[in-house]
file final07.txt (compact mmCIF, C-alpha atoms)
# COMPACT_ATOMS: atom_id res chain seq x y z
CA PHE A 29 0.00 0.00 0.00
CA GLY A 30 1.28 3.47 -0.80
CA ILE A 31 2.85 5.38 2.05
CA ASN A 32 4.53 8.73 2.65
CA GLU A 33 7.25 9.57 5.18
CA THR A 34 4.88 10.66 7.96
CA GLN A 35 2.80 7.52 7.52
CA TYR A 36 5.96 5.41 7.51
CA GLU A 37 6.95 6.91 10.86
CA ALA A 38 3.48 6.13 12.24
CA VAL A 39 3.81 2.52 11.06
CA LYS A 40 7.23 2.19 12.71
CA ASN A 41 5.91 3.73 15.93
CA ALA A 42 2.93 1.37 15.93
CA PHE A 43 5.28 -1.54 16.52
CA LYS A 44 6.85 0.05 19.59
CA SER A 45 3.80 -0.65 21.80
CA GLN A 46 0.87 -3.04 22.03
CA ILE A 47 -1.75 -0.39 21.30
CA SER A 48 -1.57 2.33 18.68
CA ILE A 49 -4.03 5.08 17.88
CA ILE A 50 -4.12 6.49 14.38
CA GLU A 51 -6.17 9.67 14.31
CA GLY A 52 -6.53 12.79 12.23
CA PRO A 53 -8.88 14.74 10.00
CA PRO A 54 -10.29 13.25 6.79
CA GLY A 55 -7.82 12.90 3.95
CA THR A 56 -4.68 12.64 6.06
CA GLY A 57 -3.88 9.02 5.17
CA LYS A 58 -5.16 7.17 8.22
CA THR A 59 -6.51 4.31 6.13
CA GLN A 60 -3.26 3.90 4.20
CA THR A 61 -1.31 3.92 7.46
CA ILE A 62 -3.56 1.29 9.02
CA LEU A 63 -3.38 -0.87 5.89
CA ASN A 64 0.41 -0.79 6.06
CA ILE A 65 0.33 -1.72 9.75
CA ILE A 66 -2.00 -4.64 8.95
CA ALA A 67 0.27 -5.76 6.10
CA ASN A 68 3.28 -5.85 8.42
CA ILE A 69 1.34 -7.77 11.05
CA VAL A 70 0.06 -10.34 8.56
CA ILE A 71 3.49 -10.82 6.98
CA ASN A 72 4.83 -11.59 10.47
CA LYS A 73 2.02 -14.14 11.05
CA LYS A 74 0.48 -12.18 13.91
CA THR A 75 -3.05 -10.92 14.54
CA CYS A 76 -4.58 -7.54 15.29
CA ALA A 77 -7.89 -5.86 16.01
CA ILE A 78 -9.01 -2.73 14.23
CA VAL A 79 -11.63 -0.78 16.14
CA SER A 80 -13.32 2.57 15.70
CA ASN A 81 -16.13 4.52 17.25
CA ASN A 82 -17.94 4.33 13.90
CA ASN A 83 -18.57 1.42 11.59
CA SER A 84 -17.68 3.32 8.43
CA ALA A 85 -13.98 3.53 9.37
CA VAL A 86 -13.71 -0.23 9.89
CA LYS A 87 -15.80 -0.88 6.77
CA ASN A 88 -13.39 1.30 4.79
CA ILE A 89 -10.43 -0.82 5.92
CA TYR A 90 -12.33 -3.97 4.96
CA GLU A 91 -13.21 -2.60 1.52
CA LYS A 92 -9.61 -1.57 0.82
CA LEU A 93 -8.40 -5.06 1.76
CA ALA A 94 -11.12 -6.59 -0.43
CA GLU A 95 -9.92 -4.51 -3.39
CA VAL A 96 -6.60 -6.40 -3.29
CA GLY A 97 -8.12 -9.80 -2.45
CA LEU A 98 -7.24 -9.78 1.23
CA ASP A 99 -10.72 -9.57 2.73
CA PHE A 100 -10.46 -13.20 3.84
CA PHE A 101 -8.15 -11.95 6.63
CA VAL A 102 -11.04 -10.06 8.20
CA ALA A 103 -13.57 -11.31 10.74
CA LYS A 104 -16.30 -8.71 10.81
call {"tool": "encode", "arguments": {"input": "final07.txt", "output": "structure tokens"}}
result
Amino acid sequence: FGINETQYEAVKNAFKSQISIIEGPPGTGKTQTILNIIANIVINKKTCAIVSNNNSAVKNIYEKLAEVGLDFFVAK
């Protein structure tokens, strides 16, 4: 998944603790950042939970994974 330098730093920081919060206004790349975190977790044969206070954010992650054929990783 595409990533810029700020997102890359967020991905790296996500692996420094058990819980990470990715937040920001619309259009700042939260989804891309989360997708890259998920990709790293899956590649390392680990699991994660993606949660949000609204269903549309989680649905967006699911749809992006489905676009590249990775929706089978998701338990809704």
call {"tool": "atom_distance", "arguments": {"input": "final07.txt", "atom1": "atom CA of A:Lys92", "atom2": "atom CA of A:Thr59"}}
result
8.5 Å
call {"tool": "atom_distance", "arguments": {"input": "final07.txt", "atom1": "atom CA of A:Val79", "atom2": "atom CA of A:Glu37"}}
result
20.8 Å
call {"tool": "closest_residue", "arguments": {"input": "final07.txt", "among": "A:Lys40, A:Glu91, A:Ser48, A:Phe101", "to": "A:Lys73", "atoms": "all atoms listed in the file"}}
result
A:Phe101
call {"tool": "closest_residue", "arguments": {"input": "final07.txt", "among": "A:Cys76, A:Ala42, A:Phe29, A:Gly97", "to": "A:Gly57", "atoms": "all atoms listed in the file"}}
result
A:Phe29
call {"tool": "closest_residue", "arguments": {"input": "final07.txt", "among": "A:Ser80, A:Thr61, A:Thr56, A:Asn68", "to": "A:Gln35", "atoms": "only C-alpha atoms"}}
result
A:Thr61
call {"tool": "residues_around", "arguments": {"input": "final07.txt", "residues": "stretch 69-72 of chain A", "least_positions_apart": "5", "cutoff": "12 Å", "atoms": "all atoms listed in the file", "output": "list in words"}}
result
Val39, Lys40, Ala42, Phe43, Gln46, Ile62, Leu63, Asn64, Ala77, Ile78, Leu98, Phe100, Phe101 and Val102 of chain A
call {"tool": "decode", "arguments": {"input": "final07.txt", "residues": "stretch 42-92 of chain A", "atoms": "N, CA and C atoms", "output": "mmCIF file, in the first residue's frame"}}
result
data_model
loop_
_atom_site.group_PDB
_atom_site.id
_atom_site.type_symbol
_atom_site.label_atom_id
_atom_site.label_comp_id
_atom_site.auth_asym_id
_atom_site.auth_seq_id
_atom_site.Cartn_x
_atom_site.Cartn_y
_atom_site.Cartn_z
ATOM 1 N N ALA A 42 3.988 2.298 15.541
ATOM 2 C CA ALA A 42 2.930 1.366 15.929
ATOM 3 C C ALA A 42 3.501 0.069 16.492
ATOM 4 N N PHE A 43 4.684 -0.286 16.063
ATOM 5 C CA PHE A 43 5.280 -1.542 16.522
ATOM 6 C C PHE A 43 6.129 -1.375 17.779
ATOM 7 N N LYS A 44 6.111 -0.195 18.353
ATOM 8 C CA LYS A 44 6.850 0.049 19.587
ATOM 9 C C LYS A 44 5.992 -0.177 20.830
ATOM 10 N N SER A 45 4.677 -0.387 20.662
ATOM 11 C CA SER A 45 3.804 -0.646 21.803
ATOM 12 C C SER A 45 2.676 -1.572 21.370
ATOM 13 N N GLN A 46 1.937 -2.098 22.343
ATOM 14 C CA GLN A 46 0.872 -3.044 22.025
ATOM 15 C C GLN A 46 -0.359 -2.370 21.438
ATOM 16 N N ILE A 47 -0.576 -1.114 21.780
ATOM 17 C CA ILE A 47 -1.748 -0.391 21.301
ATOM 18 C C ILE A 47 -1.292 0.872 20.596
ATOM 19 N N SER A 48 -1.871 1.118 19.431
ATOM 20 C CA SER A 48 -1.575 2.333 18.684
ATOM 21 C C SER A 48 -2.875 3.001 18.288
ATOM 22 N N ILE A 49 -2.869 4.313 18.306
ATOM 23 C CA ILE A 49 -4.029 5.083 17.881
ATOM 24 C C ILE A 49 -3.619 5.910 16.668
ATOM 25 N N ILE A 50 -4.357 5.717 15.592
ATOM 26 C CA ILE A 50 -4.121 6.492 14.377
ATOM 27 C C ILE A 50 -5.324 7.428 14.252
ATOM 28 N N GLU A 51 -5.072 8.713 14.375
ATOM 29 C CA GLU A 51 -6.174 9.667 14.309
ATOM 30 C C GLU A 51 -5.777 10.884 13.493
ATOM 31 N N GLY A 52 -6.771 11.579 13.005
ATOM 32 C CA GLY A 52 -6.528 12.788 12.234
ATOM 33 C C GLY A 52 -7.739 13.135 11.411
ATOM 34 N N PRO A 53 -7.736 14.315 10.823
ATOM 35 C CA PRO A 53 -8.875 14.738 10.004
ATOM 36 C C PRO A 53 -8.970 13.920 8.720
ATOM 37 N N PRO A 54 -10.125 13.986 8.062
ATOM 38 C CA PRO A 54 -10.288 13.253 6.794
ATOM 39 C C PRO A 54 -9.223 13.647 5.774
ATOM 40 N N GLY A 55 -8.777 12.643 5.028
ATOM 41 C CA GLY A 55 -7.825 12.897 3.951
ATOM 42 C C GLY A 55 -6.370 12.946 4.361
ATOM 43 N N THR A 56 -6.067 12.556 5.594
ATOM 44 C CA THR A 56 -4.682 12.637 6.059
ATOM 45 C C THR A 56 -3.926 11.309 5.935
ATOM 46 N N GLY A 57 -4.573 10.282 5.399
ATOM 47 C CA GLY A 57 -3.879 9.020 5.166
ATOM 48 C C GLY A 57 -3.991 7.995 6.277
ATOM 49 N N LYS A 58 -4.990 8.136 7.133
ATOM 50 C CA LYS A 58 -5.157 7.165 8.220
ATOM 51 C C LYS A 58 -5.369 5.756 7.685
ATOM 52 N N THR A 59 -6.223 5.637 6.678
ATOM 53 C CA THR A 59 -6.514 4.312 6.129
ATOM 54 C C THR A 59 -5.262 3.679 5.546
ATOM 55 N N GLN A 60 -4.499 4.432 4.774
ATOM 56 C CA GLN A 60 -3.258 3.900 4.196
ATOM 57 C C GLN A 60 -2.288 3.469 5.293
ATOM 58 N N THR A 61 -2.198 4.253 6.342
ATOM 59 C CA THR A 61 -1.308 3.919 7.455
ATOM 60 C C THR A 61 -1.750 2.620 8.113
ATOM 61 N N ILE A 62 -3.038 2.503 8.380
ATOM 62 C CA ILE A 62 -3.562 1.289 9.018
ATOM 63 C C ILE A 62 -3.375 0.084 8.116
ATOM 64 N N LEU A 63 -3.591 0.242 6.821
ATOM 65 C CA LEU A 63 -3.382 -0.875 5.889
ATOM 66 C C LEU A 63 -1.929 -1.337 5.906
ATOM 67 N N ASN A 64 -1.003 -0.415 5.992
ATOM 68 C CA ASN A 64 0.413 -0.792 6.064
ATOM 69 C C ASN A 64 0.753 -1.473 7.383
ATOM 70 N N ILE A 65 0.128 -1.047 8.454
ATOM 71 C CA ILE A 65 0.332 -1.725 9.747
ATOM 72 C C ILE A 65 -0.201 -3.155 9.658
ATOM 73 N N ILE A 66 -1.410 -3.297 9.113
ATOM 74 C CA ILE A 66 -1.999 -4.636 8.953
ATOM 75 C C ILE A 66 -1.098 -5.516 8.093
ATOM 76 N N ALA A 67 -0.600 -4.983 6.989
ATOM 77 C CA ALA A 67 0.274 -5.761 6.098
ATOM 78 C C ALA A 67 1.493 -6.277 6.842
ATOM 79 N N ASN A 68 2.105 -5.424 7.649
ATOM 80 C CA ASN A 68 3.278 -5.848 8.418
ATOM 81 C C ASN A 68 2.919 -6.914 9.447
ATOM 82 N N ILE A 69 1.773 -6.781 10.061
ATOM 83 C CA ILE A 69 1.337 -7.766 11.052
ATOM 84 C C ILE A 69 1.087 -9.113 10.386
ATOM 85 N N VAL A 70 0.379 -9.104 9.264
ATOM 86 C CA VAL A 70 0.059 -10.342 8.555
ATOM 87 C C VAL A 70 1.325 -11.025 8.048
ATOM 88 N N ILE A 71 2.235 -10.252 7.480
ATOM 89 C CA ILE A 71 3.490 -10.819 6.979
ATOM 90 C C ILE A 71 4.253 -11.523 8.107
ATOM 91 N N ASN A 72 4.143 -10.996 9.322
ATOM 92 C CA ASN A 72 4.831 -11.585 10.469
ATOM 93 C C ASN A 72 3.981 -12.623 11.195
ATOM 94 N N LYS A 73 2.895 -13.068 10.551
ATOM 95 C CA LYS A 73 2.024 -14.139 11.051
ATOM 96 C C LYS A 73 1.470 -13.840 12.445
ATOM 97 N N LYS A 74 1.081 -12.596 12.644
ATOM 98 C CA LYS A 74 0.479 -12.176 13.909
ATOM 99 C C LYS A 74 -0.947 -11.720 13.634
ATOM 100 N N THR A 75 -1.676 -11.376 14.683
ATOM 101 C CA THR A 75 -3.050 -10.919 14.539
ATOM 102 C C THR A 75 -3.208 -9.521 15.129
ATOM 103 N N CYS A 76 -4.289 -8.868 14.751
ATOM 104 C CA CYS A 76 -4.578 -7.544 15.287
ATOM 105 C C CYS A 76 -6.076 -7.315 15.290
ATOM 106 N N ALA A 77 -6.495 -6.300 16.010
ATOM 107 C CA ALA A 77 -7.890 -5.860 16.009
ATOM 108 C C ALA A 77 -7.908 -4.405 15.566
ATOM 109 N N ILE A 78 -8.816 -4.102 14.678
ATOM 110 C CA ILE A 78 -9.008 -2.730 14.227
ATOM 111 C C ILE A 78 -10.365 -2.297 14.760
ATOM 112 N N VAL A 79 -10.383 -1.262 15.556
ATOM 113 C CA VAL A 79 -11.634 -0.780 16.139
ATOM 114 C C VAL A 79 -11.787 0.713 15.895
ATOM 115 N N SER A 80 -13.023 1.155 15.901
ATOM 116 C CA SER A 80 -13.321 2.570 15.704
ATOM 117 C C SER A 80 -14.639 2.878 16.383
ATOM 118 N N ASN A 81 -14.860 4.151 16.656
ATOM 119 C CA ASN A 81 -16.134 4.523 17.254
ATOM 120 C C ASN A 81 -17.229 4.650 16.199
ATOM 121 N N ASN A 82 -16.897 4.375 14.941
ATOM 122 C CA ASN A 82 -17.937 4.330 13.902
ATOM 123 C C ASN A 82 -17.643 3.192 12.936
ATOM 124 N N ASN A 83 -18.717 2.591 12.463
ATOM 125 C CA ASN A 83 -18.568 1.424 11.587
ATOM 126 C C ASN A 83 -17.963 1.765 10.235
ATOM 127 N N SER A 84 -18.151 2.983 9.768
ATOM 128 C CA SER A 84 -17.676 3.318 8.426
ATOM 129 C C SER A 84 -16.154 3.255 8.330
ATOM 130 N N ALA A 85 -15.452 3.588 9.392
ATOM 131 C CA ALA A 85 -13.985 3.527 9.369
ATOM 132 C C ALA A 85 -13.500 2.083 9.219
ATOM 133 N N VAL A 86 -14.100 1.188 9.973
ATOM 134 C CA VAL A 86 -13.708 -0.226 9.892
ATOM 135 C C VAL A 86 -14.143 -0.804 8.545
ATOM 136 N N LYS A 87 -15.322 -0.423 8.080
ATOM 137 C CA LYS A 87 -15.799 -0.883 6.770
ATOM 138 C C LYS A 87 -14.848 -0.424 5.665
ATOM 139 N N ASN A 88 -14.339 0.770 5.776
ATOM 140 C CA ASN A 88 -13.394 1.303 4.792
ATOM 141 C C ASN A 88 -12.132 0.445 4.728
ATOM 142 N N ILE A 89 -11.606 0.057 5.878
ATOM 143 C CA ILE A 89 -10.433 -0.820 5.918
ATOM 144 C C ILE A 89 -10.753 -2.141 5.229
ATOM 145 N N TYR A 90 -11.921 -2.708 5.566
ATOM 146 C CA TYR A 90 -12.331 -3.972 4.959
ATOM 147 C C TYR A 90 -12.417 -3.852 3.436
ATOM 148 N N GLU A 91 -13.043 -2.786 2.954
ATOM 149 C CA GLU A 91 -13.205 -2.602 1.515
ATOM 150 C C GLU A 91 -11.866 -2.450 0.808
ATOM 151 N N LYS A 92 -10.937 -1.733 1.429
ATOM 152 C CA LYS A 92 -9.608 -1.573 0.823
ATOM 153 C C LYS A 92 -8.878 -2.911 0.756
#
